[in-house]
>>> print(open('input.tsv').read())   # TSV, C-alpha atoms
chain	number	residue	atom	x	y	z
E	1	GLN	CA	134.36	104.11	135.16
E	2	ARG	CA	133.71	100.76	133.54
E	3	SER	CA	130.54	100.12	135.56
E	4	GLU	CA	129.19	103.46	134.26
E	5	GLN	CA	129.25	102.33	130.62
E	6	PRO	CA	126.29	99.89	130.77
E	7	ARG	CA	124.19	102.47	132.63
E	8	LEU	CA	125.07	105.22	130.15
E	9	ARG	CA	124.30	102.91	127.25
E	10	LEU	CA	120.94	102.00	128.83
E	11	ASN	CA	120.12	105.69	129.32
E	12	ARG	CA	120.86	106.37	125.64
E	13	VAL	CA	118.63	103.46	124.57
E	14	LEU	CA	115.80	104.65	126.81
E	15	ALA	CA	116.13	108.25	125.58
E	16	HIS	CA	115.96	107.00	121.99
E	17	ARG	CA	112.85	104.92	122.74
E	18	ARG	CA	111.11	107.93	124.33
E	19	ARG	CA	111.54	109.94	121.11
E	20	HIS	CA	111.22	107.28	118.38
E	21	ASP	CA	108.58	104.94	116.99
E	22	ALA	CA	109.54	101.33	117.61
E	23	LEU	CA	108.25	100.02	114.26
E	24	THR	CA	109.67	102.58	111.81
E	25	GLY	CA	112.54	104.10	113.78
E	26	LEU	CA	111.16	107.54	112.89
E	27	LEU	CA	110.41	110.16	115.50
E	28	ASN	CA	107.24	109.68	117.54
E	29	ASP	CA	104.93	112.57	118.46
E	30	ALA	CA	107.07	113.67	121.41
E	31	GLY	CA	110.27	113.42	119.37
E	32	LEU	CA	108.68	115.28	116.47
E	33	ALA	CA	107.59	118.15	118.72
E	34	GLU	CA	111.06	118.36	120.26
E	35	SER	CA	112.83	118.20	116.89
E	36	MET	CA	110.54	120.83	115.40
E	37	GLY	CA	111.38	123.11	118.33
E	38	GLN	CA	115.07	122.62	117.55
E	39	GLN	CA	114.35	123.16	113.85
E	40	ARG	CA	112.67	126.48	114.69
E	41	GLN	CA	115.72	127.58	116.71
E	42	GLN	CA	118.10	126.58	113.92
E	43	PHE	CA	116.13	128.27	111.11
E	44	THR	CA	115.02	131.45	112.87
E	45	ASP	CA	114.47	133.45	109.67
E	46	PHE	CA	112.36	130.72	108.02
E	47	LEU	CA	108.68	129.86	108.14
E	48	GLN	CA	107.80	126.47	109.51
E	49	ALA	CA	104.92	124.13	108.61
E	50	VAL	CA	103.79	120.71	109.69
E	51	LEU	CA	102.28	118.14	107.31
E	52	VAL	CA	100.17	115.21	108.42
E	53	PHE	CA	99.80	112.17	106.14
E	54	ASP	CA	97.15	109.50	106.56
E	55	LEU	CA	97.43	106.44	104.33
E	56	ASP	CA	94.24	105.89	102.35
E	57	HIS	CA	92.51	102.50	102.68
E	58	PHE	CA	95.24	101.14	104.92
E	59	ALA	CA	92.79	98.73	106.59
E	60	VAL	CA	92.36	96.98	103.22
E	61	VAL	CA	96.14	96.78	102.76
E	62	ASN	CA	96.59	95.48	106.29
E	63	SER	CA	93.84	92.87	105.86
E	64	GLY	CA	95.19	91.72	102.51
E	65	LEU	CA	98.81	91.40	103.55
E	66	GLY	CA	98.36	90.52	107.21
E	67	ARG	CA	99.94	92.30	110.13
E	68	SER	CA	103.55	91.69	109.09
E	69	GLY	CA	102.82	92.92	105.57
E	70	GLY	CA	101.01	95.97	106.96
E	71	ASP	CA	103.98	96.70	109.21
E	72	ALA	CA	106.30	96.38	106.20
E	73	VAL	CA	104.13	98.90	104.31
E	74	LEU	CA	104.31	101.35	107.22
E	75	GLN	CA	108.09	100.96	107.40
E	76	ALA	CA	108.49	101.40	103.64
E	77	PHE	CA	106.22	104.46	103.55
E	78	GLY	CA	108.09	106.00	106.49
E	79	HIS	CA	111.45	105.49	104.81
E	80	HIS	CA	110.10	106.86	101.53
E	81	LEU	CA	108.71	109.91	103.33
E	82	GLN	CA	112.07	110.52	104.97
E	83	ALA	CA	113.88	110.15	101.64
E	84	THR	CA	111.39	112.48	99.95
E	85	CYS	CA	111.82	115.33	102.44
E	86	HIS	CA	114.68	117.80	102.60
E	87	PRO	CA	117.38	116.77	105.13
E	88	SER	CA	116.31	119.68	107.36
E	89	ALA	CA	112.81	118.18	107.75
E	90	CYS	CA	111.68	116.41	110.92
E	91	VAL	CA	109.89	113.17	110.00
E	92	GLY	CA	107.80	111.03	112.33
E	93	ARG	CA	105.05	108.48	112.73
E	94	LEU	CA	102.24	109.68	114.94
E	95	ALA	CA	100.08	106.57	115.23
E	96	ALA	CA	98.86	103.61	113.18
E	97	ASP	CA	98.97	104.81	109.55
E	98	GLN	CA	99.49	108.50	110.31
E	99	PHE	CA	102.81	110.23	109.68
E	100	ALA	CA	103.97	113.83	109.95
E	101	CYS	CA	106.86	116.04	108.99
E	102	GLY	CA	108.00	119.50	109.91
E	103	VAL	CA	109.44	121.56	107.06
E	104	VAL	CA	110.88	125.04	106.71
E	105	GLY	CA	110.83	127.56	103.88
E	106	THR	CA	112.17	131.04	103.22
E	107	SER	CA	108.74	132.40	102.29
E	108	GLU	CA	105.12	131.31	102.22
E	109	PRO	CA	105.26	130.55	98.45
E	110	ALA	CA	108.45	128.50	98.96
E	111	LEU	CA	106.82	126.62	101.83
E	112	ARG	CA	103.69	125.93	99.76
E	113	SER	CA	105.86	124.70	96.91
E	114	GLU	CA	107.72	122.33	99.26
E	115	VAL	CA	104.43	120.99	100.67
E	116	ALA	CA	103.04	120.44	97.16
E	117	SER	CA	106.25	118.72	96.04
E	118	ILE	CA	106.26	116.32	99.00
E	119	SER	CA	102.55	115.57	98.54
E	120	GLN	CA	102.98	114.87	94.84
E	121	ARG	CA	105.95	112.53	95.38
E	122	LEU	CA	104.02	110.51	97.97
E	123	ASN	CA	100.83	109.96	96.03
E	124	ASP	CA	100.38	106.99	93.76
E	125	LEU	CA	103.35	105.39	95.44
E	126	GLU	CA	104.12	101.84	94.35
E	127	LEU	CA	105.85	99.62	96.91
E	128	GLN	CA	107.06	96.05	96.62
E	129	ILE	CA	106.13	94.27	99.85
E	130	GLU	CA	106.62	90.54	100.40
E	131	GLY	CA	106.29	89.79	96.68
E	132	HIS	CA	103.21	92.00	96.23
E	133	THR	CA	102.88	95.36	94.54
E	134	VAL	CA	101.11	97.78	96.89
E	135	ASN	CA	99.80	101.03	95.46
E	136	LEU	CA	99.41	103.72	98.11
E	137	THR	CA	97.88	107.13	98.25
E	138	ALA	CA	97.86	109.41	101.24
E	139	SER	CA	95.62	112.22	102.36
E	140	VAL	CA	97.64	115.27	103.41
E	141	GLY	CA	96.87	118.20	105.67
E	142	ALA	CA	99.22	121.08	106.42
E	143	CYS	CA	99.44	123.97	108.84
E	144	VAL	CA	101.91	126.85	109.03
E	145	LEU	CA	103.20	127.37	112.56
E	146	GLY	CA	102.45	130.82	113.81
E	147	ASP	CA	103.69	131.16	117.37
E	148	GLY	CA	105.62	127.90	117.40
E	149	ASP	CA	102.97	125.76	119.12
E	150	VAL	CA	103.75	122.44	117.46
E	151	SER	CA	100.98	120.48	119.17
E	152	GLN	CA	98.35	122.99	118.02
E	153	ALA	CA	99.76	122.96	114.47
E	154	LEU	CA	99.76	119.14	114.45
E	155	HIS	CA	96.12	119.22	115.56
E	156	GLN	CA	95.18	121.71	112.82
E	157	ALA	CA	97.07	119.74	110.16
E	158	SER	CA	95.36	116.55	111.34
E	159	ILE	CA	91.95	118.21	110.99
E	160	ALA	CA	92.90	119.41	107.50
E	161	CYS	CA	94.02	115.87	106.62
E	162	SER	CA	90.69	114.46	107.85
E	163	LEU	CA	88.78	116.97	105.74
E	164	VAL	CA	90.82	116.01	102.67
E	165	LYS	CA	90.14	112.33	103.38
E	166	LEU	CA	86.38	112.98	103.72
E	167	ALA	CA	86.34	114.95	100.48
E	168	GLY	CA	87.85	111.94	98.70
>>> encode(input="input.tsv", output="structure tokens")
Amino acid sequence: QRSEQPRLRLNRVLAHRRRHDALTGLLNDAGLAESMGQQRQQFTDFLQAVLVFDLDHFAVVNSGLGRSGGDAVLQAFGHHLQATCHPSACVGRLAADQFACGVVGTSEPALRSEVASISQRLNDLELQIEGHTVNLTASVGACVLGDGDVSQALHQASIACSLVKLAG
């Protein structure tokens, strides 16, 4: 019984690491897909969308503040994103300076309103990092999930985000 505890604890730690980003503690891409599947099961009468956020000019921020400062910016943005979203949202970091969240809404207009609200609250964000004021903007792409294929929706939202970024 007692010898089982360290193994069980290790299994929990490993399961957490498989689903979460080590830097921010948010879900990673695998954890986001899994959580969005659970979200879809929980909110069966709702529409579901995925948003992808890409921090604008992050290379400049990272160069100016150094790696530790850049990491602090990513952590702060991730926590702000999580605080900005409804508690039912699934929030994750996909890679580098790219984040995503899965949201639900009762109708397409409600879902669009939620997406616009999140986008607005995340743009022109001012963070205090290591004694510096960092002003952030993020490009945002969104995709409504049709048949529940999260990976396809993430791909489409990522393309939309890239197009927004290219358009300036």
>>> residues_around(input="input.tsv", residues="Leu154 (chain E)", least_positions_apart="4", cutoff="10 Å", atoms="only C-alpha atoms", output="compact mmCIF listing (two decimals) with C-alpha atoms, in the coordinates of the input")
# COMPACT_ATOMS: atom_id res chain seq x y z
CA ASP E 29 104.93 112.57 118.46
CA LEU E 32 108.68 115.28 116.47
CA ALA E 33 107.59 118.15 118.72
CA ALA E 49 104.92 124.13 108.61
CA VAL E 50 103.79 120.71 109.69
CA LEU E 51 102.28 118.14 107.31
CA VAL E 52 100.17 115.21 108.42
CA LEU E 94 102.24 109.68 114.94
CA ALA E 100 103.97 113.83 109.95
CA CYS E 101 106.86 116.04 108.99
CA GLY E 102 108.00 119.50 109.91
CA GLY E 141 96.87 118.20 105.67
CA ALA E 142 99.22 121.08 106.42
CA CYS E 143 99.44 123.97 108.84
CA VAL E 144 101.91 126.85 109.03
CA LEU E 145 103.20 127.37 112.56
CA ASP E 149 102.97 125.76 119.12
CA VAL E 150 103.75 122.44 117.46
CA SER E 158 95.36 116.55 111.34
CA ILE E 159 91.95 118.21 110.99
CA ALA E 160 92.90 119.41 107.50
>>> atom_distance(input="input.tsv", atom1="CA of Gln120 (chain E)", atom2="CA of Ala89 (chain E)")
16.6 Å
>>> atom_distance(input="input.tsv", atom1="CA of Asn11 (chain E)", atom2="CA of Leu27 (chain E)")
17.5 Å
>>> atom_distance(input="input.tsv", atom1="CA of Pro109 (chain E)", atom2="CA of Leu47 (chain E)")
10.3 Å
>>> residues_around(input="input.tsv", residues="Ala22 (chain E)", least_positions_apart="4", cutoff="12 Å", atoms="all atoms listed in the file", output="list in words")
Val13, Leu14, His16, Arg17, Arg18, Leu26, Leu27, Asn28, Asp71, Leu74, Gln75, Gly92, Arg93, Leu94, Ala95 and Ala96 of chain E
>>> residues_around(input="input.tsv", residues="Val140 (chain E)", least_positions_apart="3", cutoff="7 Å", atoms="only C-alpha atoms", output="count of residues only")
7
>>> closest_residue(input="input.tsv", among="E:Val73, E:Val91, E:Val104, E:Ala83", to="Thr44 (chain E)", atoms="only C-alpha atoms")
E:Val104
>>> residues_around(input="input.tsv", residues="Thr106 (chain E)", least_positions_apart="3", cutoff="8 Å", atoms="only C-alpha atoms", output="ChimeraX atom specification")
/E:45-47,110-111
>>> closest_residue(input="input.tsv", among="E:Ser113, E:Gly146, E:Ser88, E:Asp97", to="Gln42 (chain E)", atoms="all atoms listed in the file")
E:Ser88
>>> build_atoms(input="input.tsv", residues="region 40-59 of chain E", atoms="N, CA, C and O atoms", output="CSV table (one decimal), in the coordinates of the input")
chain,number,residue,atom,x,y,z
E,40,ARG,N,113.1,125.1,114.6
E,40,ARG,CA,112.7,126.5,114.7
E,40,ARG,C,113.8,127.3,115.2
E,40,ARG,O,114.0,128.5,114.7
E,41,GLN,N,114.6,126.8,116.2
E,41,GLN,CA,115.7,127.6,116.7
E,41,GLN,C,116.9,127.7,115.7
E,41,GLN,O,117.5,128.7,115.6
E,42,GLN,N,117.0,126.6,114.9
E,42,GLN,CA,118.1,126.6,113.9
E,42,GLN,C,117.8,127.5,112.7
E,42,GLN,O,118.7,128.1,112.1
E,43,PHE,N,116.5,127.5,112.3
E,43,PHE,CA,116.1,128.3,111.1
E,43,PHE,C,115.2,129.4,111.5
E,43,PHE,O,114.1,129.5,111.1
E,44,THR,N,115.8,130.4,112.3
E,44,THR,CA,115.0,131.4,112.9
E,44,THR,C,114.4,132.4,111.8
E,44,THR,O,113.4,133.0,112.1
E,45,ASP,N,115.0,132.5,110.7
E,45,ASP,CA,114.5,133.4,109.7
E,45,ASP,C,113.5,132.8,108.7
E,45,ASP,O,113.1,133.3,107.7
E,46,PHE,N,113.2,131.5,108.9
E,46,PHE,CA,112.4,130.7,108.0
E,46,PHE,C,111.0,130.5,108.6
E,46,PHE,O,110.8,130.6,109.8
E,47,LEU,N,110.0,130.3,107.7
E,47,LEU,CA,108.7,129.9,108.1
E,47,LEU,C,108.7,128.4,108.3
E,47,LEU,O,109.5,127.6,107.7
E,48,GLN,N,107.8,127.9,109.2
E,48,GLN,CA,107.8,126.5,109.5
E,48,GLN,C,106.4,125.9,109.3
E,48,GLN,O,105.4,126.6,109.7
E,49,ALA,N,106.2,124.8,108.8
E,49,ALA,CA,104.9,124.1,108.6
E,49,ALA,C,105.0,122.7,109.0
E,49,ALA,O,106.1,122.1,109.0
E,50,VAL,N,103.9,122.1,109.4
E,50,VAL,CA,103.8,120.7,109.7
E,50,VAL,C,102.8,120.1,108.7
E,50,VAL,O,101.8,120.7,108.4
E,51,LEU,N,103.1,118.9,108.2
E,51,LEU,CA,102.3,118.1,107.3
E,51,LEU,C,101.9,116.9,108.0
E,51,LEU,O,102.7,116.2,108.7
E,52,VAL,N,100.6,116.5,107.9
E,52,VAL,CA,100.2,115.2,108.4
E,52,VAL,C,99.7,114.4,107.3
E,52,VAL,O,98.9,114.8,106.4
E,53,PHE,N,100.1,113.1,107.2
E,53,PHE,CA,99.8,112.2,106.1
E,53,PHE,C,99.0,111.0,106.8
E,53,PHE,O,99.4,110.5,107.8
E,54,ASP,N,97.9,110.7,106.1
E,54,ASP,CA,97.2,109.5,106.6
E,54,ASP,C,97.0,108.6,105.4
E,54,ASP,O,96.5,109.0,104.3
E,55,LEU,N,97.5,107.4,105.5
E,55,LEU,CA,97.4,106.4,104.3
E,55,LEU,C,96.0,106.1,104.0
E,55,LEU,O,95.2,105.7,104.9
E,56,ASP,N,95.6,106.2,102.8
E,56,ASP,CA,94.2,105.9,102.4
E,56,ASP,C,94.0,104.4,102.3
E,56,ASP,O,94.9,103.7,101.8
E,57,HIS,N,92.9,103.9,102.8
E,57,HIS,CA,92.5,102.5,102.7
E,57,HIS,C,93.5,101.6,103.3
E,57,HIS,O,93.7,100.4,102.8
E,58,PHE,N,94.2,102.0,104.3
E,58,PHE,CA,95.2,101.1,104.9
E,58,PHE,C,94.6,99.9,105.5
E,58,PHE,O,95.3,98.8,105.5
E,59,ALA,N,93.4,99.9,106.0
E,59,ALA,CA,92.8,98.7,106.6
E,59,ALA,C,92.7,97.6,105.5
E,59,ALA,O,92.9,96.4,105.9
